[in-house]
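Novice: Quick one: this structure, given as structure tokens, is what I'll be asking you about.
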Amino acid sequence: MLLLATIAILIGGIIEIFPMVMIESNVPRIESVKPYTPLELAGRDMYIREGCVGCHSQMVRPFRSETERYGEYSKSGEYIYDRPFLWGSKRTGPDLQRVGGKYPDSWHFNHMLEPQSISPGSIMPPYPWMIRDELSLDLLPKKIKALRTLGTPYPEGYEQIAIADAQKQAERVAGRLKKDGIEMDGLEKKEIIAMIAYLQRLGTDIKPKAQATK
Amino acid sequence: MTVVFLLILVSLVVALGFLAAFLWAVRSGQYDDDYTPSVRILFDEKQTEND
Amino acid sequence: MAQVEKFHYDNAIVRNFAYATMIWGLVGMLVGLIIALQLIFPQLNLGIAEVSYGRLRPLHTNAVIFAFVGNGIFTGVYYSLQRLLKARMFSKVLSNFHFWGWQAIIVAAALTLPLGLTSLHEYAELEWPIDLAIALVWIGFGINMFGTILKRRENHLYVAIWFYIATWVTVTVLHVGNNLELPVSAFKSYPVFAGVQDALIQWWYGHNAVAFFLTTPYLGLMYYFLPKAANRPVYSYKLSIIHFWALIFIYIWAGPHHLLYTSLPDWAQSLGTVFSVMLIAPSWGGMLNGLLTLRGAWDRVRQDPILKFMVVAVTAYGMSTFEGPMLSLKSVNAISHFTDWTIGHVHIGALGWNGFLTFGMLYWLIPRLFSTKLYSEKLANTHFWIGTLGIMFYAIPLYWAGWTQSLMWKEFTPDGFLKYGNFLETVTQILPMYAMRVVGGTYIWPEISLWYTIWSRRSAPARSLATKQPKRLHWLARMACTKANTGTAGWKEGLFKCFYLRP
């Protein structure tokens, strides 16, 4: 039995090397699906940190009742840059796979601050710290590098401009919020900006026209 | 879907491992007696010491 | 010259794991109660990130699975393995390493999860440094177990041991497989696989974690502690052997049933369904084997709280292993998936099967560990009934909520529009059920009676031990001894007798 166990562990080791070799797997690619921008990635990691997946799925099943409610059903090719996957297993709140572009940025801002002010009777908890706390971008270069190692096609050297890129996008989001009347000191540096950027990106890759290539 | 084949491979190795264990158990006479072990577990010697 | 060989079982380690089971059980269930309340009163996160629902939910699942049930497994394994093999544990050092290592991991989990440090894979949320620690401790446990098996004095490996072996081997593979991550920093990592592939590996793990952490080890415990508590052999030993091998060969293929109707290739989904349905046979074979063990002894079940706990546990096992395959049928899954039906299902398993078997085992075990009698059958019976009511109050509202919400999601008006286009309507509809589920939290409180039973029980052996003068006495037993002696001679006298005179 000991021997068996050792074999089992060895196999674990082999799996570790395999994906490097076989990253070009036969998951159907969709041309329009692109890697997350650094800001969206930061937002996504925040989505992970807060455990949003405990209540929100990101998987529209191919039923009329679901496509009617959420939009186009999910394709495997949409998830190729999702590390980890965020399909979820429980919908206490609605699916978010197609939430991008559904509401204005300011809707998300107010909703995260106090969900009940937007949706009376909602049981979503408030997330005031996302509006209070400043977003840390320090890890971004390392994250970009790690993801490239795993197969996400960020160009060589992109990690050096990732932070600047994120800040630029953050300013755009903050600008849109200001236009909607949300005034706040250092708004573009807050965590909520990354969260909004991520939520608005969700599901938009294939919205115009899905084109399967392989 | 590389991972499907990996998982099948890993699961197969685990399953084959258990198959080997099963064959060992049968051949070494583990199951020659399929009644008394269930009775023997009921007899414990008296507790000697708590440490 | 024949000489009688002498050896002692290590009971201290069993006792430690038993205490840990009871402590973490209480903690894990309390966190569960808190998040159940947060689902009705969202403001209960008080605007504090560390106690918000999304961060506490994994703490609840991890605490209950790995801390409560995990320590429960180890309690039962360390007790039964030594006796089944007629050998002391292979290494005291490894036993202690296993115990303290496991508790340290739990504490690390309780600190990191509220901080939002998570790799997110369900039931494998802990970040990579803790994953490594788990692997280390688990291997320590493995060496200890296999070492004991190798030096055994009993040739036959009782079926329970096979269940323990399968648990160890498979959990090792699962843990490695689902935690292949590339570290970014000390507490952040990305999984090697992405998207669909990541999903498949997660649910290969997720399903088999239920199979090999919540089911097989507990089946081992059932095959040991149920016959012991009933004082009669298992109904059919042959059936138990078939149960084991059939279960092992079928279980590992059923994982994809968690991903029906998703973007996973269809053939993989179908494979998962087929094996899930096949699982009914060995599972029900095992359940019947457990229940039939009590044939002709049902009058004792009426009296004995321990047997009562075990009967309900085995019945819950039967219920959830029937429901599981049903949920993996595509047509049923289309309704159940993403709803509270799943939550109800897992709690029948966790509260009924794992929880009640643990309680039954502990009520049987503790008097033996302290060489005494059960302090109060009445208290244990009360625990049983309140616990059973707790399960009912938890599960029934959630089944109801699941069905209600799913049907509302799918309802169309005659004109072809969604009848409940606003998702929120389907949530407010089931809030009363969520409130009733909180009442199911009564399941938690009688666990305190287990503590009281232990405390009171400890005073009984202390009294008798005071006259017998054993070499060493556990400090808790000394304190209990003090309590016992205080009544007759005052507390100073009690302390003096129990601590200074080394009773």
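Quick note on naming: the chains in the structure tokens go A, B, ... in the order shown, residues restart at 1 in each chain, and ligands are numbered from 1 in order of appearance.
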Just want the 7 Å neighbourhood of Pro84 in chain A, counted on only C-alpha atoms, with same-chain residues fewer than 4 positions away dropped. Output as a PyMOL selection string.

Specialist: chain C and resi 190-191+194-195+198

Novice: Provide as a compact mmCIF listing (two decimals) with N, CA, C and O atoms, in the first residue's frame the residues of chain C at most 9 Å from chain B, counting only C-alpha atoms.

Specialist:
```txt
# COMPACT_ATOMS: atom_id res chain seq x y z
N HIS C 8 0.48 -1.60 25.36
CA HIS C 8 -0.64 -0.74 25.72
C HIS C 8 -1.13 0.03 24.51
O HIS C 8 -0.34 0.44 23.68
N TYR C 9 -2.43 0.21 24.45
CA TYR C 9 -2.97 1.07 23.41
C TYR C 9 -2.74 2.52 23.80
O TYR C 9 -2.76 2.85 24.98
N ASP C 10 -2.55 3.36 22.81
CA ASP C 10 -2.40 4.78 23.07
C ASP C 10 -3.78 5.42 23.09
O ASP C 10 -4.39 5.67 22.06
N ASN C 11 -4.28 5.69 24.29
CA ASN C 11 -5.60 6.29 24.41
C ASN C 11 -5.55 7.80 24.48
O ASN C 11 -6.54 8.48 24.21
N ALA C 12 -4.37 8.31 24.84
CA ALA C 12 -4.26 9.77 24.99
C ALA C 12 -4.55 10.45 23.66
O ALA C 12 -5.26 11.46 23.61
N ARG C 83 -6.99 -1.43 18.06
CA ARG C 83 -7.66 -2.63 18.56
C ARG C 83 -7.86 -3.68 17.48
O ARG C 83 -7.75 -4.88 17.74
N LEU C 84 -8.13 -3.22 16.27
CA LEU C 84 -8.34 -4.19 15.19
C LEU C 84 -7.04 -4.88 14.81
O LEU C 84 -7.04 -6.01 14.31
N ASN C 155 -3.58 -11.01 11.61
CA ASN C 155 -3.33 -11.11 10.17
C ASN C 155 -4.44 -10.49 9.34
O ASN C 155 -4.20 -9.78 8.38
N HIS C 156 -5.69 -10.74 9.76
CA HIS C 156 -6.81 -10.29 8.95
C HIS C 156 -6.99 -8.78 9.07
O HIS C 156 -6.99 -8.23 10.17
N LEU C 157 -7.15 -8.12 7.93
CA LEU C 157 -7.47 -6.70 7.94
C LEU C 157 -8.99 -6.55 7.90
O LEU C 157 -9.62 -6.84 6.89
N TYR C 158 -9.56 -6.14 9.03
CA TYR C 158 -11.00 -5.96 9.12
C TYR C 158 -11.45 -4.90 8.12
O TYR C 158 -10.71 -3.97 7.80
N VAL C 159 -12.67 -5.05 7.62
CA VAL C 159 -13.14 -4.20 6.52
C VAL C 159 -12.98 -2.71 6.80
O VAL C 159 -12.68 -1.91 5.91
N ALA C 166 -8.31 3.23 1.86
CA ALA C 166 -8.83 3.87 0.65
C ALA C 166 -8.92 5.37 0.85
O ALA C 166 -8.60 6.17 -0.03
N VAL C 169 -5.26 6.91 0.68
CA VAL C 169 -4.67 6.90 -0.67
C VAL C 169 -5.38 7.92 -1.57
O VAL C 169 -4.74 8.75 -2.21
N THR C 170 -6.70 7.88 -1.57
CA THR C 170 -7.42 8.72 -2.50
C THR C 170 -7.34 10.19 -2.13
O THR C 170 -7.16 11.04 -3.01
N VAL C 173 -4.16 11.68 -3.46
CA VAL C 173 -4.19 11.99 -4.90
C VAL C 173 -5.06 13.22 -5.17
O VAL C 173 -4.70 14.11 -5.93
N GLY C 177 -3.91 16.75 -6.78
CA GLY C 177 -4.51 17.10 -8.07
C GLY C 177 -5.21 18.45 -8.08
O GLY C 177 -5.04 19.24 -8.99
N PHE C 193 -4.54 24.81 -14.29
CA PHE C 193 -5.53 24.67 -15.34
C PHE C 193 -6.50 25.85 -15.31
O PHE C 193 -6.73 26.44 -14.26
N VAL C 196 -12.79 25.53 -18.16
CA VAL C 196 -13.48 24.23 -18.11
C VAL C 196 -12.60 23.16 -17.46
O VAL C 196 -13.09 22.32 -16.72
N GLN C 197 -11.31 23.20 -17.79
CA GLN C 197 -10.42 22.17 -17.26
C GLN C 197 -10.31 22.31 -15.75
O GLN C 197 -10.32 21.33 -15.02
N ASP C 198 -10.20 23.56 -15.30
CA ASP C 198 -10.14 23.83 -13.87
C ASP C 198 -11.42 23.34 -13.20
O ASP C 198 -11.39 22.74 -12.12
N LEU C 200 -13.42 20.97 -14.20
CA LEU C 200 -13.49 19.51 -14.14
C LEU C 200 -12.62 18.95 -13.02
O LEU C 200 -13.05 18.09 -12.25
N ILE C 201 -11.41 19.50 -12.90
CA ILE C 201 -10.53 18.99 -11.86
C ILE C 201 -11.10 19.32 -10.48
O ILE C 201 -11.03 18.51 -9.55
N TRP C 204 -13.99 16.89 -9.88
CA TRP C 204 -13.41 15.56 -9.65
C TRP C 204 -12.99 15.48 -8.19
O TRP C 204 -13.27 14.53 -7.49
N TYR C 224 -17.09 -0.48 12.44
CA TYR C 224 -16.48 -0.82 13.73
C TYR C 224 -17.41 -0.48 14.89
O TYR C 224 -17.73 -1.34 15.70
N PRO C 227 -21.33 -2.31 15.22
CA PRO C 227 -21.34 -3.63 15.85
C PRO C 227 -20.92 -3.57 17.31
O PRO C 227 -21.49 -4.26 18.15
N LYS C 228 -19.93 -2.72 17.63
CA LYS C 228 -19.48 -2.63 19.01
C LYS C 228 -20.62 -2.11 19.90
O LYS C 228 -20.86 -2.66 20.97
N ASN C 231 -23.15 -4.61 20.20
CA ASN C 231 -22.57 -5.85 20.71
C ASN C 231 -23.03 -7.07 19.93
O ASN C 231 -23.42 -8.09 20.49
N ARG C 232 -23.02 -6.96 18.63
CA ARG C 232 -23.32 -8.08 17.76
C ARG C 232 -22.60 -7.85 16.44
O ARG C 232 -22.36 -6.72 16.05
N PRO C 233 -22.21 -8.94 15.78
CA PRO C 233 -21.45 -8.75 14.53
C PRO C 233 -22.29 -8.10 13.45
O PRO C 233 -23.51 -8.15 13.50
N VAL C 234 -21.62 -7.52 12.48
CA VAL C 234 -22.31 -6.90 11.38
C VAL C 234 -23.16 -7.96 10.66
O VAL C 234 -22.79 -9.13 10.62
N TYR C 235 -24.30 -7.53 10.12
CA TYR C 235 -25.27 -8.46 9.53
C TYR C 235 -24.60 -9.43 8.58
O TYR C 235 -24.75 -10.64 8.71
N SER C 236 -23.86 -8.91 7.59
CA SER C 236 -23.14 -9.82 6.71
C SER C 236 -21.74 -9.27 6.46
O SER C 236 -21.59 -8.21 5.85
N TYR C 237 -20.76 -9.99 6.93
CA TYR C 237 -19.40 -9.52 6.73
C TYR C 237 -19.03 -9.59 5.25
O TYR C 237 -18.33 -8.75 4.71
N LYS C 238 -19.56 -10.62 4.60
CA LYS C 238 -19.30 -10.79 3.18
C LYS C 238 -19.81 -9.56 2.40
O LYS C 238 -19.12 -9.01 1.55
N ILE C 241 -17.58 -6.59 2.64
CA ILE C 241 -16.41 -6.66 1.75
C ILE C 241 -16.80 -6.26 0.33
O ILE C 241 -16.11 -5.45 -0.32
N TRP C 245 -15.36 -2.93 -1.97
CA TRP C 245 -14.69 -2.96 -3.27
C TRP C 245 -15.55 -2.35 -4.38
O TRP C 245 -15.04 -1.64 -5.23
N ILE C 248 -15.41 1.49 -4.02
CA ILE C 248 -14.11 2.05 -4.39
C ILE C 248 -13.98 2.14 -5.91
O ILE C 248 -13.49 3.13 -6.45
N PHE C 249 -14.42 1.09 -6.59
CA PHE C 249 -14.21 1.08 -8.03
C PHE C 249 -15.18 1.99 -8.79
O PHE C 249 -14.92 2.40 -9.90
N ILE C 252 -15.02 6.92 -7.96
CA ILE C 252 -14.09 7.93 -8.46
C ILE C 252 -14.50 8.48 -9.84
O ILE C 252 -14.00 9.52 -10.27
N TRP C 253 -15.44 7.83 -10.50
CA TRP C 253 -15.79 8.27 -11.86
C TRP C 253 -17.00 9.19 -11.92
O TRP C 253 -17.43 9.61 -12.99
N PRO C 265 -17.76 18.86 -21.99
CA PRO C 265 -18.22 17.99 -23.07
C PRO C 265 -19.30 17.01 -22.61
O PRO C 265 -19.22 16.48 -21.49
N ALA C 268 -18.52 13.45 -21.12
CA ALA C 268 -18.02 13.43 -19.75
C ALA C 268 -19.17 13.56 -18.76
O ALA C 268 -19.21 12.91 -17.72
N ARG C 368 -15.63 4.68 27.74
CA ARG C 368 -14.58 3.67 27.69
C ARG C 368 -13.20 4.29 27.88
O ARG C 368 -12.33 3.69 28.49
N LEU C 369 -13.04 5.48 27.32
CA LEU C 369 -11.74 6.14 27.48
C LEU C 369 -11.48 6.52 28.93
O LEU C 369 -10.35 6.62 29.38
N PHE C 370 -12.56 6.76 29.67
CA PHE C 370 -12.40 7.15 31.06
C PHE C 370 -12.81 6.03 32.01
O PHE C 370 -13.03 6.26 33.18
N SER C 371 -12.93 4.84 31.48
CA SER C 371 -13.36 3.65 32.23
C SER C 371 -14.50 3.95 33.19
O SER C 371 -14.34 3.85 34.40
N PRO C 470 -3.49 4.77 40.46
CA PRO C 470 -2.74 4.49 39.24
C PRO C 470 -1.50 5.37 39.19
O PRO C 470 -1.38 6.32 39.95
N LYS C 471 -0.61 5.03 38.26
CA LYS C 471 0.66 5.75 38.20
C LYS C 471 0.48 7.21 37.82
O LYS C 471 0.98 8.11 38.45
N ARG C 472 -0.24 7.41 36.72
CA ARG C 472 -0.39 8.77 36.23
C ARG C 472 -1.86 9.08 36.00
O ARG C 472 -2.65 8.19 35.74
N LEU C 473 -2.17 10.32 36.09
CA LEU C 473 -3.56 10.71 35.88
C LEU C 473 -3.58 11.96 35.03
O LEU C 473 -2.80 12.89 35.24
N HIS C 474 -4.45 11.94 34.09
CA HIS C 474 -4.58 13.11 33.22
C HIS C 474 -4.96 14.33 34.05
O HIS C 474 -5.71 14.22 35.02
```

Novice: If the cut-off is 7 Å, can you tell me the residues of chain A near chain C, counting only C-alpha atoms? I'd like them as a VMD selection string.

Specialist: chain A and resid 5 8 to 9 12 16 48 to 52 54 59 61 to 62 65 69 74 to 76 79 to 85 89 to 91 94 121 to 129 142 to 143 146 150

Novice: Which residues are near Leu365 in chain C? Cut-off 10 Å, only C-alpha atoms, ignore same chain within fewer than 2 positions. Put them as a list of chain:residue names.

Specialist: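 What passes the distance filter is C:Val14, C:Arg15, C:Ala18, C:Thr75, C:Gly76, C:Tyr79, C:Phe225, C:Ala229, C:Phe359, C:Gly360, C:Met361, C:Leu362, C:Tyr363, C:Pro367, C:Arg368, C:Leu369, C:Phe370, C:Ser371, C:Leu374.
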
Novice: Could you write out the selected residues, including all heavy atoms, as a compact mmCIF listing (two decimals), in the first residue's frame?

Specialist:
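again_12.txt, freshly written:
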```txt
# COMPACT_ATOMS: atom_id res chain seq x y z
N VAL C 14 -6.36 9.38 21.22
CA VAL C 14 -7.78 9.27 20.90
C VAL C 14 -8.56 10.36 21.64
O VAL C 14 -9.42 11.04 21.07
CB VAL C 14 -8.32 7.88 21.30
CG1 VAL C 14 -9.78 7.75 20.93
CG2 VAL C 14 -7.50 6.78 20.65
N ARG C 15 -8.19 10.52 22.92
CA ARG C 15 -8.86 11.52 23.74
C ARG C 15 -8.66 12.91 23.16
O ARG C 15 -9.59 13.71 23.05
CB ARG C 15 -8.28 11.45 25.15
CG ARG C 15 -9.25 11.76 26.23
CD ARG C 15 -8.83 11.10 27.52
NE ARG C 15 -7.37 11.12 27.70
CZ ARG C 15 -6.72 10.24 28.46
NH1 ARG C 15 -7.38 9.30 29.09
NH2 ARG C 15 -5.42 10.32 28.59
N ALA C 18 -10.74 13.45 20.24
CA ALA C 18 -12.15 13.56 20.63
C ALA C 18 -12.46 14.98 21.11
O ALA C 18 -13.47 15.58 20.72
CB ALA C 18 -12.49 12.55 21.71
N THR C 75 -10.27 10.44 15.53
CA THR C 75 -10.64 9.85 16.82
C THR C 75 -10.96 8.37 16.64
O THR C 75 -10.40 7.51 17.32
CB THR C 75 -11.90 10.55 17.39
OG1 THR C 75 -11.69 11.95 17.41
CG2 THR C 75 -12.22 10.05 18.78
N GLY C 76 -11.86 8.11 15.69
CA GLY C 76 -12.31 6.74 15.48
C GLY C 76 -11.21 5.85 14.93
O GLY C 76 -11.07 4.69 15.33
N TYR C 79 -8.60 4.97 17.60
CA TYR C 79 -9.12 4.02 18.58
C TYR C 79 -9.26 2.63 17.97
O TYR C 79 -8.74 1.65 18.50
CB TYR C 79 -10.49 4.48 19.09
CG TYR C 79 -11.06 3.56 20.17
CD1 TYR C 79 -10.72 3.74 21.50
CD2 TYR C 79 -11.92 2.51 19.82
CE1 TYR C 79 -11.20 2.89 22.48
CE2 TYR C 79 -12.41 1.66 20.80
CZ TYR C 79 -12.06 1.86 22.13
OH TYR C 79 -12.54 1.01 23.09
N PHE C 225 -17.86 0.77 14.93
CA PHE C 225 -18.56 1.22 16.13
C PHE C 225 -20.01 0.75 16.22
O PHE C 225 -20.53 0.57 17.32
CB PHE C 225 -18.48 2.75 16.25
CG PHE C 225 -17.11 3.22 16.61
CD1 PHE C 225 -16.24 3.71 15.65
CD2 PHE C 225 -16.65 3.14 17.93
CE1 PHE C 225 -14.96 4.12 15.98
CE2 PHE C 225 -15.37 3.54 18.27
CZ PHE C 225 -14.52 4.04 17.29
N ALA C 229 -21.28 -1.05 19.45
CA ALA C 229 -22.33 -0.46 20.27
C ALA C 229 -23.50 -1.43 20.43
O ALA C 229 -24.14 -1.48 21.47
CB ALA C 229 -22.80 0.85 19.67
N PHE C 359 -21.56 11.73 16.99
CA PHE C 359 -22.11 11.80 18.34
C PHE C 359 -22.30 10.40 18.93
O PHE C 359 -21.95 10.15 20.08
CB PHE C 359 -23.45 12.56 18.35
CG PHE C 359 -23.32 13.99 17.89
CD1 PHE C 359 -24.32 14.58 17.14
CD2 PHE C 359 -22.20 14.74 18.21
CE1 PHE C 359 -24.21 15.90 16.71
CE2 PHE C 359 -22.07 16.06 17.79
CZ PHE C 359 -23.09 16.63 17.04
N GLY C 360 -22.82 9.50 18.13
CA GLY C 360 -23.01 8.13 18.61
C GLY C 360 -21.68 7.54 19.03
O GLY C 360 -21.55 6.94 20.11
N MET C 361 -20.69 7.73 18.18
CA MET C 361 -19.35 7.20 18.46
C MET C 361 -18.80 7.79 19.76
O MET C 361 -18.28 7.08 20.61
CB MET C 361 -18.43 7.52 17.29
CG MET C 361 -17.01 7.06 17.47
SD MET C 361 -15.98 7.54 16.06
CE MET C 361 -15.58 9.23 16.45
N LEU C 362 -18.94 9.12 19.90
CA LEU C 362 -18.36 9.77 21.09
C LEU C 362 -19.07 9.32 22.37
O LEU C 362 -18.41 9.07 23.38
CB LEU C 362 -18.45 11.30 20.95
CG LEU C 362 -17.47 11.92 19.95
CD1 LEU C 362 -17.70 13.42 19.83
CD2 LEU C 362 -16.03 11.64 20.33
N TYR C 363 -20.40 9.21 22.33
CA TYR C 363 -21.12 8.75 23.53
C TYR C 363 -20.71 7.33 23.89
O TYR C 363 -20.75 6.93 25.05
CB TYR C 363 -22.64 8.83 23.32
CG TYR C 363 -23.21 10.21 23.56
CD1 TYR C 363 -23.84 10.92 22.54
CD2 TYR C 363 -23.12 10.81 24.81
CE1 TYR C 363 -24.35 12.18 22.76
CE2 TYR C 363 -23.64 12.07 25.04
CZ TYR C 363 -24.25 12.75 24.01
OH TYR C 363 -24.76 14.00 24.24
N PRO C 367 -17.08 7.06 27.65
CA PRO C 367 -17.08 6.28 28.89
C PRO C 367 -15.96 5.24 28.90
O PRO C 367 -15.37 4.97 29.94
CB PRO C 367 -18.44 5.57 28.86
CG PRO C 367 -19.27 6.37 27.96
CD PRO C 367 -18.35 6.99 26.95
N ARG C 368 -15.63 4.68 27.74
CA ARG C 368 -14.58 3.67 27.69
C ARG C 368 -13.20 4.29 27.88
O ARG C 368 -12.33 3.69 28.49
CB ARG C 368 -14.66 2.91 26.38
CG ARG C 368 -15.72 1.83 26.48
CD ARG C 368 -16.22 1.32 25.17
NE ARG C 368 -17.27 0.34 25.41
CZ ARG C 368 -18.55 0.66 25.63
NH1 ARG C 368 -18.93 1.92 25.63
NH2 ARG C 368 -19.44 -0.28 25.87
N LEU C 369 -13.04 5.48 27.32
CA LEU C 369 -11.74 6.14 27.48
C LEU C 369 -11.48 6.52 28.93
O LEU C 369 -10.35 6.62 29.38
CB LEU C 369 -11.67 7.40 26.61
CG LEU C 369 -11.56 7.15 25.10
CD1 LEU C 369 -11.63 8.47 24.36
CD2 LEU C 369 -10.28 6.41 24.77
N PHE C 370 -12.56 6.76 29.67
CA PHE C 370 -12.40 7.15 31.06
C PHE C 370 -12.81 6.03 32.01
O PHE C 370 -13.03 6.26 33.18
CB PHE C 370 -13.20 8.42 31.35
CG PHE C 370 -12.68 9.63 30.65
CD1 PHE C 370 -13.25 10.08 29.48
CD2 PHE C 370 -11.57 10.29 31.15
CE1 PHE C 370 -12.74 11.18 28.82
CE2 PHE C 370 -11.06 11.40 30.50
CZ PHE C 370 -11.65 11.84 29.33
N SER C 371 -12.93 4.84 31.48
CA SER C 371 -13.36 3.65 32.23
C SER C 371 -14.50 3.95 33.19
O SER C 371 -14.34 3.85 34.40
CB SER C 371 -12.20 3.04 33.03
OG SER C 371 -10.98 3.43 32.52
N LEU C 374 -21.85 5.81 31.10
CA LEU C 374 -22.43 7.02 30.55
C LEU C 374 -23.09 7.80 31.69
O LEU C 374 -23.85 7.24 32.46
CB LEU C 374 -23.47 6.66 29.48
CG LEU C 374 -24.03 7.78 28.63
CD1 LEU C 374 -22.92 8.44 27.83
CD2 LEU C 374 -25.08 7.25 27.68
```

Novice: Excluding same-chain residues fewer than 2 positions from Thr273 in chain C, what lies within 8 Å of it counting only C-alpha atoms, as a PDB file with C-alpha atoms, in the first residue's frame?

Specialist:
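And here is the file that came out, out_21.pdb:
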```pdb
ATOM      1  CA  ALA C 254     -18.885  10.155 -10.796  1.00  0.00           C
ATOM      2  CA  PRO C 256     -18.756  15.279 -13.625  1.00  0.00           C
ATOM      3  CA  HIS C 257     -22.324  15.054 -12.299  1.00  0.00           C
ATOM      4  CA  GLN C 269     -21.328  14.554 -18.263  1.00  0.00           C
ATOM      5  CA  SER C 270     -22.993  11.297 -19.256  1.00  0.00           C
ATOM      6  CA  LEU C 271     -20.148   9.237 -17.825  1.00  0.00           C
ATOM      7  CA  PHE C 275     -21.513   5.956 -12.545  1.00  0.00           C
ATOM      8  CA  SER C 276     -23.573   7.996 -10.114  1.00  0.00           C
ATOM      9  CA  VAL C 277     -26.613   5.830 -10.734  1.00  0.00           C
ATOM     10  CA  PRO C 325     -27.766   9.722  -7.938  1.00  0.00           C
ATOM     11  CA  SER C 328     -27.222  13.550 -11.075  1.00  0.00           C
ATOM     12  CA  LEU C 329     -29.967  12.694 -13.565  1.00  0.00           C
ATOM     13  CA  LYS C 330     -29.971  15.526 -16.068  1.00  0.00           C
TER      14      LYS C 330
END
```

Novice: Range 165-275 of chain C: which residues are strand (DSSP E or B) by DSSP, as an NGL selection string?

Specialist: :C and (181-185 or 188-191)

Novice: May I have the residues from that selection written out with all heavy atoms, as a short mmCIF file (atom, residue, chain, number, x, y, z; two decimals), in the first residue's frame?

Specialist:
```cif
data_model
loop_
_atom_site.label_atom_id
_atom_site.label_comp_id
_atom_site.auth_asym_id
_atom_site.auth_seq_id
_atom_site.Cartn_x
_atom_site.Cartn_y
_atom_site.Cartn_z
N GLU C 181 -0.95 24.64 -8.18
CA GLU C 181 -1.03 26.09 -8.34
C GLU C 181 0.36 26.67 -8.55
O GLU C 181 1.35 26.11 -8.09
CB GLU C 181 -1.63 26.73 -7.08
CG GLU C 181 -2.99 26.24 -6.73
CD GLU C 181 -3.24 26.16 -5.23
OE1 GLU C 181 -2.27 26.10 -4.45
OE2 GLU C 181 -4.40 26.13 -4.85
N LEU C 182 0.39 27.81 -9.22
CA LEU C 182 1.64 28.53 -9.37
C LEU C 182 1.59 29.72 -8.40
O LEU C 182 0.78 30.62 -8.58
CB LEU C 182 1.81 29.01 -10.81
CG LEU C 182 3.15 29.67 -11.12
CD1 LEU C 182 4.27 28.65 -11.00
CD2 LEU C 182 3.14 30.26 -12.52
N PRO C 183 2.45 29.73 -7.37
CA PRO C 183 2.41 30.83 -6.41
C PRO C 183 2.82 32.16 -7.04
O PRO C 183 3.71 32.20 -7.89
CB PRO C 183 3.45 30.41 -5.35
CG PRO C 183 3.66 28.96 -5.56
CD PRO C 183 3.44 28.70 -7.01
N VAL C 184 2.12 33.21 -6.63
CA VAL C 184 2.47 34.55 -7.06
C VAL C 184 3.15 35.26 -5.91
O VAL C 184 4.14 35.96 -6.07
CB VAL C 184 1.21 35.33 -7.49
CG1 VAL C 184 1.56 36.77 -7.80
CG2 VAL C 184 0.55 34.66 -8.68
N SER C 185 2.59 35.07 -4.71
CA SER C 185 3.20 35.61 -3.50
C SER C 185 2.93 34.61 -2.40
O SER C 185 2.43 33.52 -2.66
CB SER C 185 2.57 36.96 -3.16
OG SER C 185 1.23 36.77 -2.77
N LYS C 188 -0.94 34.13 -2.50
CA LYS C 188 -1.76 34.22 -3.71
C LYS C 188 -1.16 33.26 -4.74
O LYS C 188 0.06 33.20 -4.91
CB LYS C 188 -1.73 35.66 -4.25
CG LYS C 188 -2.45 35.84 -5.59
CD LYS C 188 -3.95 35.81 -5.44
CE LYS C 188 -4.63 35.63 -6.79
NZ LYS C 188 -6.05 35.24 -6.65
N SER C 189 -2.04 32.53 -5.39
CA SER C 189 -1.56 31.61 -6.42
C SER C 189 -2.62 31.49 -7.50
O SER C 189 -3.79 31.83 -7.28
CB SER C 189 -1.29 30.25 -5.81
OG SER C 189 -2.48 29.71 -5.30
N TYR C 190 -2.21 31.04 -8.67
CA TYR C 190 -3.16 30.76 -9.74
C TYR C 190 -3.11 29.28 -10.08
O TYR C 190 -2.02 28.71 -10.16
CB TYR C 190 -2.83 31.60 -10.99
CG TYR C 190 -3.15 33.07 -10.82
CD1 TYR C 190 -2.14 34.02 -10.89
CD2 TYR C 190 -4.45 33.48 -10.60
CE1 TYR C 190 -2.42 35.37 -10.73
CE2 TYR C 190 -4.74 34.83 -10.44
CZ TYR C 190 -3.73 35.77 -10.51
OH TYR C 190 -4.03 37.10 -10.35
N PRO C 191 -4.27 28.67 -10.32
CA PRO C 191 -4.27 27.24 -10.65
C PRO C 191 -3.66 26.99 -12.03
O PRO C 191 -3.74 27.84 -12.91
CB PRO C 191 -5.75 26.87 -10.64
CG PRO C 191 -6.47 28.14 -10.85
CD PRO C 191 -5.63 29.22 -10.28
#
```

Novice: Nearest to chain B: which of A:Val27, A:Leu199, A:Met46, A:Ile144 is it, counting only C-alpha atoms?

Specialist: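 Closest to chain B, using only C-alpha atoms: A:Val27.
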
Novice: Could you give me the residues within range 54-206 of chain C that DSSP places in alpha helix (DSSP H), as a PyMOL selection string?

Specialist: chain C and resi 54-62+70-85+92-112+128-150+159-178+195-206

Novice: How far is it from CA of Thr216 in chain C to CA of Trp162 in chain C, in Å with one decimal?

Specialist: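 Distance reported for this atom pair: 9.2 Å.
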
Novice: Tell me which protein, DNA and RNA residues are within 9 Å of range 165-167 of chain A, counting only C-alpha atoms, leaving out same-chain ones fewer than 3 positions away, and put them as JSON, numbers by chain.

Specialist: {"A": [37, 38, 39, 40, 42, 137, 161, 162, 170, 171, 172, 188, 189, 194]}
